[in-house]
Every structure is written in structure tokens, then in C-alpha cells.
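Source file: final_31.tsv. Holds: TSV, C-alpha atoms and all ligand atoms.
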```tsv
chain	number	residue	atom	x	y	z
A	70	MET	CA	68.84	116.23	200.12
A	71	LYS	CA	67.55	114.64	203.31
A	72	ALA	CA	68.32	115.91	206.79
A	73	ALA	CA	67.24	114.70	210.23
A	74	VAL	CA	66.48	117.30	212.88
A	75	ALA	CA	65.98	116.75	216.61
A	76	LEU	CA	63.48	118.91	218.48
A	77	GLY	CA	63.48	119.56	222.20
A	78	ALA	CA	61.76	121.91	224.65
A	79	ASN	CA	61.56	122.09	228.43
A	80	LEU	CA	60.10	125.53	229.13
A	81	GLY	CA	56.62	126.94	228.58
A	82	ASP	CA	54.14	125.19	226.29
A	83	ARG	CA	56.50	122.45	225.16
A	84	GLU	CA	54.11	120.68	222.79
A	85	GLY	CA	53.02	124.00	221.28
A	86	SER	CA	56.65	124.93	220.74
A	87	LEU	CA	57.50	121.62	219.03
A	88	ARG	CA	54.45	121.96	216.75
A	89	ASP	CA	55.31	125.57	215.98
A	90	ALA	CA	58.90	124.57	215.16
A	91	VAL	CA	57.76	121.80	212.80
A	92	GLN	CA	55.60	124.37	210.97
A	93	ARG	CA	58.51	126.77	210.72
A	94	LEU	CA	60.83	124.07	209.36
A	95	GLY	CA	58.69	124.31	206.25
A	96	VAL	CA	60.61	127.46	205.24
A	97	LEU	CA	63.83	125.41	205.05
A	98	GLY	CA	62.43	122.54	203.01
A	99	GLU	CA	59.64	120.01	203.03
A	100	VAL	CA	58.99	118.17	206.29
A	101	ILE	CA	58.41	114.59	205.15
A	102	ALA	CA	58.11	112.82	208.52
A	103	VAL	CA	57.47	113.86	212.12
A	104	SER	CA	57.89	111.50	215.09
A	105	SER	CA	55.77	111.27	218.18
A	106	PHE	CA	56.82	113.49	221.04
A	107	TYR	CA	58.47	111.85	224.05
A	108	GLU	CA	58.55	112.98	227.66
A	109	THR	CA	62.19	112.58	228.73
A	110	GLU	CA	64.19	113.18	231.88
A	111	PRO	CA	66.98	115.75	231.52
A	112	VAL	CA	70.35	114.28	230.62
A	113	GLY	CA	73.63	116.04	231.43
A	114	TYR	CA	72.62	119.12	233.35
A	115	LEU	CA	70.02	117.56	235.65
A	116	ASP	CA	68.60	120.52	237.58
A	117	GLN	CA	66.03	121.50	234.96
A	118	PRO	CA	62.49	120.51	233.95
A	119	SER	CA	61.86	117.36	231.90
A	120	PHE	CA	61.88	117.67	228.12
A	121	LEU	CA	59.54	116.95	225.32
A	122	ASN	CA	61.65	115.55	222.46
A	123	GLY	CA	60.89	114.65	218.87
A	124	ALA	CA	62.55	114.29	215.49
A	125	CYS	CA	61.71	114.96	211.89
A	126	VAL	CA	63.06	114.37	208.42
A	127	LEU	CA	63.38	117.31	206.08
A	128	GLU	CA	63.83	117.25	202.33
A	129	THR	CA	65.88	120.37	201.58
A	130	SER	CA	67.97	121.99	198.90
A	131	LEU	CA	70.02	123.91	201.49
A	132	PRO	CA	73.57	122.70	202.15
A	133	PRO	CA	74.40	121.71	205.76
A	134	LEU	CA	75.74	125.04	207.07
A	135	GLU	CA	72.89	127.05	205.58
A	136	LEU	CA	70.42	124.58	207.02
A	137	LEU	CA	72.06	124.91	210.44
A	138	ARG	CA	71.87	128.69	210.28
A	139	GLY	CA	68.20	128.41	209.32
A	140	LEU	CA	67.58	126.22	212.39
A	141	LEU	CA	69.34	128.72	214.64
A	142	ALA	CA	67.28	131.55	213.12
A	143	ILE	CA	64.06	129.66	213.93
A	144	GLU	CA	65.28	129.13	217.52
A	145	ARG	CA	65.88	132.88	217.81
A	146	GLU	CA	62.51	133.77	216.27
A	147	MET	CA	60.87	131.51	218.82
A	148	GLY	CA	62.53	133.36	221.67
A	149	ARG	CA	65.59	131.26	222.40
A	150	ASP	CA	68.27	133.47	223.87
A	151	ARG	CA	71.75	131.98	223.69
A	152	SER	CA	73.49	135.08	225.08
A	153	HIS	CA	72.90	134.06	228.68
A	154	GLY	CA	71.64	131.12	230.63
A	155	ILE	CA	73.28	127.82	231.38
A	156	ALA	CA	74.85	125.86	228.54
A	157	LYS	CA	72.71	122.73	228.06
A	158	GLY	CA	70.15	124.29	230.41
A	159	PRO	CA	66.43	125.02	230.00
A	160	ARG	CA	65.22	126.19	226.60
A	161	VAL	CA	61.93	127.03	224.85
A	162	ILE	CA	63.15	125.28	221.73
A	163	ASP	CA	66.24	123.36	220.63
A	164	LEU	CA	66.67	122.34	217.01
A	165	ASP	CA	69.69	120.13	216.36
A	166	LEU	CA	70.88	119.07	212.94
A	167	LEU	CA	71.52	115.36	213.53
A	168	LEU	CA	72.15	113.89	210.10
A	169	TYR	CA	72.60	115.24	206.61
A	170	GLU	CA	72.64	112.48	204.00
A	171	GLN	CA	75.95	110.63	204.59
A	172	VAL	CA	77.93	113.78	205.39
A	173	THR	CA	80.56	113.74	208.13
A	174	MET	CA	82.24	116.99	209.10
A	175	VAL	CA	83.82	118.68	212.10
A	176	SER	CA	84.01	122.45	212.24
A	177	GLN	CA	83.52	125.14	214.83
A	178	GLU	CA	80.00	125.77	213.61
A	179	LEU	CA	78.80	122.30	212.81
A	180	THR	CA	79.65	118.68	213.57
A	181	LEU	CA	77.93	115.93	211.58
A	182	PRO	CA	76.56	113.57	212.63
A	183	HIS	CA	75.53	115.56	215.70
A	184	PRO	CA	77.65	114.24	218.61
A	185	GLU	CA	74.53	113.32	220.61
A	186	THR	CA	73.06	111.12	217.88
A	187	ALA	CA	74.56	107.74	218.76
A	188	GLY	CA	74.36	107.68	222.55
A	189	ARG	CA	71.20	109.47	223.59
A	190	ARG	CA	67.88	107.74	223.96
A	191	PHE	CA	66.02	111.06	223.82
A	192	VAL	CA	67.47	111.49	220.30
A	193	LEU	CA	67.41	107.89	219.03
A	194	GLU	CA	63.93	106.91	220.15
A	195	PRO	CA	62.04	109.56	218.15
A	196	LEU	CA	64.59	109.40	215.33
A	197	ALA	CA	64.06	105.64	214.95
A	198	GLU	CA	60.38	106.29	214.22
A	199	VAL	CA	61.15	108.46	211.20
A	200	ALA	CA	64.63	107.31	210.11
A	201	GLY	CA	65.22	103.83	211.56
A	202	GLU	CA	67.01	102.56	208.44
A	203	TRP	CA	69.27	105.62	208.06
A	204	VAL	CA	72.90	104.52	208.31
A	205	VAL	CA	74.71	106.93	210.63
A	206	PRO	CA	77.90	107.89	208.80
A	207	GLY	CA	81.16	107.38	210.64
A	208	ILE	CA	79.50	104.68	212.75
A	209	GLY	CA	78.11	102.54	209.97
A	210	ALA	CA	75.09	101.35	211.95
A	211	THR	CA	71.47	102.27	211.44
A	212	VAL	CA	69.52	104.43	213.85
A	213	ALA	CA	67.40	101.39	214.77
A	214	GLU	CA	70.55	99.37	215.51
A	215	LEU	CA	71.99	102.16	217.69
A	216	LEU	CA	68.75	102.35	219.66
A	217	HIS	CA	68.84	98.57	220.09
A	218	ARG	CA	72.44	98.78	221.35
A	219	LEU	CA	71.40	101.38	223.94
A	220	SER	CA	68.57	99.13	225.11
A	221	ILE	CA	70.82	96.14	225.76
A	222	LYS	CA	73.30	98.20	227.80
A	223	THR	CA	72.63	97.94	231.52
B	1	LIG	N1	69.16	118.43	225.55
B	1	LIG	C1	70.29	118.81	226.11
B	1	LIG	C2	70.69	118.38	227.44
B	1	LIG	N2	69.84	117.40	228.02
B	1	LIG	N3	67.94	116.05	228.00
B	1	LIG	C3	66.82	115.63	227.39
B	1	LIG	N4	66.05	114.71	227.98
B	1	LIG	N5	66.43	116.11	226.16
B	1	LIG	C4	67.18	117.05	225.51
B	1	LIG	O1	66.81	117.47	224.39
B	1	LIG	C5	68.37	117.51	226.13
B	1	LIG	C6	68.71	116.99	227.40
B	1	LIG	C7	71.18	119.74	225.41
B	1	LIG	O2	70.80	120.02	224.14
B	2	MG	MG	70.42	119.68	221.88
B	3	MG	MG	71.06	122.66	220.14
```

Step by step, read the file and then write its structure as C-alpha cells.
Ligand code: PH2
Ligand code: MG
Ligand code: MG
Amino acid sequence: MKAAVALGANLGDREGSLRDAVQRLGVLGEVIAVSSFYETEPVGYLDQPSFLNGACVLETSLPPLELLRGLLAIEREMGRDRSHGIAKGPRVIDLDLLLYEQVTMVSQELTLPHPETAGRRFVLEPLAEVAGEWVVPGIGATVAELLHRLSIKT
């Protein structure tokens, strides 16, 4: 099964953290594509350092929830502390499960596609490099098309 994962960091050695995370994703499956890393301005909560964002495609035999829990475990191992700090605030590593095949689901633990997938340039730009032709379920447009739509908005 194929899954797309977004990577983000805006504290410490951001590039080192993204590279470390890509390595660690290897325990959850086989990383088959990694995007370039993009310097991006914070979106949402603005009073925080700029991010380095990327995306990768993982070939995995884990079902969506187990994959998500694996991603959260890697975040914890890398020192992410979710028990305090500002929601959507600075983090050493953020791993978001964006897409899992053509699965759509809404639950307390996991929403697929990830709600940020369609509207965020910091997600779509790296994702388009590794999964441009992936049709985003529920929307029925490809990642490349969604990025194009963002670009023509004023
Ligand atoms: N993640 C957020 C909030 N804002 N902004 C950028 N540029 N990149 C992110 O990864 C990001 C963000 C919450 O996950
Ligand atoms: Mg995120
Ligand atoms: Mg996250």
C-alpha cells in the first residue's frame, strides 16, 4: 500500500531532523520517493520560526491507523513533546499522514486525506514532486491540479 507523508520542522537543526525522520520512516515501510525541502513561512499560528517542509511516499504493509501510530512514535523518539506547548506551534518534527491509497475516513485519531492536503502550499509543493498524479480522494483532483489551483488564486 502507498502512503504520502508530510514532514515539517521549525526548531533546531531542521534539515538534520527531516533527514533523520526519512531514515526512521524505513521502519514503517520502504521510502520510495523523497521531495526537496522547502523553506516556508509559518501558516496559521504566525509567531514562530519559518519551517522546512518536505514530503515522501512510503510503500507499507501497515494499515492507516497503525501507520499513524508509527509516525507519532517517531515524533516522540525524536523529542517532540505534545503534552505542552502551543497547538500548531514550533516543533522539532511533524509527520503528517496525508494520503493512504484512495482511503477517506474521519475519526478522532485520523482524518484522511489529511485536512491540510488540499489548501496548503507548504504541503502541496513538495507533495507534487513525489505524487503529482495522485488523485486526492474526496476531491477527485490530482495533487498537481490542486497546486495549480492554489497558484491561480490571488
Ligand atoms: N504546520 C503547521 C502550522 N503551520 N506552516 C508551515 N509553513 N509549515 C508547516 O508544516 C506548518 C505550518 C501545523 O502542523
Ligand atoms: Mg502538520
Ligand atoms: Mg502533525

Write out as a count of residues only which residues come within 7 Å of Glu202 in chain A when counting all atoms listed in the file, dropping same-chain ones fewer than 2 positions away. 5

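The gap separating CA of Gly123 in chain A from CA of Gln171 in chain A is 21.1 Å, in Å to one decimal.
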
Hey, which bits of chain A sit within 8 Å of ligand MG 3 (chain B), and for each residue what's the closest pair of atoms and how far apart in Å (one decimal), counting only C-alpha atoms and all ligand atoms, rows by chain and increasing number, as JSON lines?
```
{"residue": "A:Asp163", "atom": "CA", "partner": "B:MG3", "partner_atom": "MG", "distance": 4.9}
{"residue": "A:Leu164", "atom": "CA", "partner": "B:MG3", "partner_atom": "MG", "distance": 5.4}
{"residue": "A:Asp165", "atom": "CA", "partner": "B:MG3", "partner_atom": "MG", "distance": 4.8}
```

Nearest residue to ligand MG 2 (chain B) from the set A:Glu198, A:Glu185, A:Glu146, A:Glu214 (distances using all atoms listed in the file): A:Glu185

Please identify every polymer residue within 12 Å of ligand MG 2 (chain B), using all atoms listed in the file, and present the set as a PyMOL selection string. chain A and resi 74-79+111-114+120-124+140-141+144+156-167+183-186+189+191-192

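Nearest to ligand LIG 1 (chain B) of all the residues A:Gln177, A:Ser130, A:Ser86, A:Gln117 is A:Gln117, counting all atoms listed in the file.
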
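Here CA of Leu80 in chain A stands at a distance of 16.9 Å from CA of Ser152 in chain A.
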
Residue with the minimum atom-to-atom distance to ligand LIG 1 (chain B), picked from A:Pro133, A:Pro195, A:Gly139, A:Gly98 with all atoms listed in the file counted, is A:Pro195

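Note that the spacing between atom N3 of ligand LIG 1 (chain B) and CA of Leu196 in chain A amounts to 14.7 Å.
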
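Using all atoms listed in the file, the set of residues no farther than 12 Å from the position (83.1, 106.1, 209.7) comprises Gln171, Val172, Thr173, Met174, Leu181, Pro182, Val204, Val205, Pro206, Gly207, Ile208, Gly209 and Ala210 of chain A.
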
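Proximity to Glu110 in chain A was assessed for A:Arg138, A:Arg190, A:Gly95, A:Gly81 counting all atoms listed in the file; the smallest distance is recorded for A:Arg190.
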
First collect every listed atom of ligand LIG 1 (chain B); then fit an axis-aligned box around them, widen it by 8 Å on each side, and give centre and edge lengths in Å to one decimal, as AutoDock Vina command-line options.
```
--center_x 68.6 --center_y 117.4 --center_z 226.1 --size_x 21.1 --size_y 21.3 --size_z 19.9
```

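Of the listed residues A:Ala187, A:Leu136, A:Ala72, A:Ile155, the one whose atoms come nearest to ligand LIG 1 (chain B) is A:Ile155, with distances taken using all atoms listed in the file.
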
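Nearest residue to ligand LIG 1 (chain B) among A:Glu108, A:Val96, A:Ala90, A:Ala73 is A:Glu108, counting all atoms listed in the file.
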
In file coordinates, which residues lie within 8 Å of (69.4, 116.8, 202.4) using all atoms listed in the file, given as a PyMOL selection string? chain A and resi 70-72+127-133+169-170
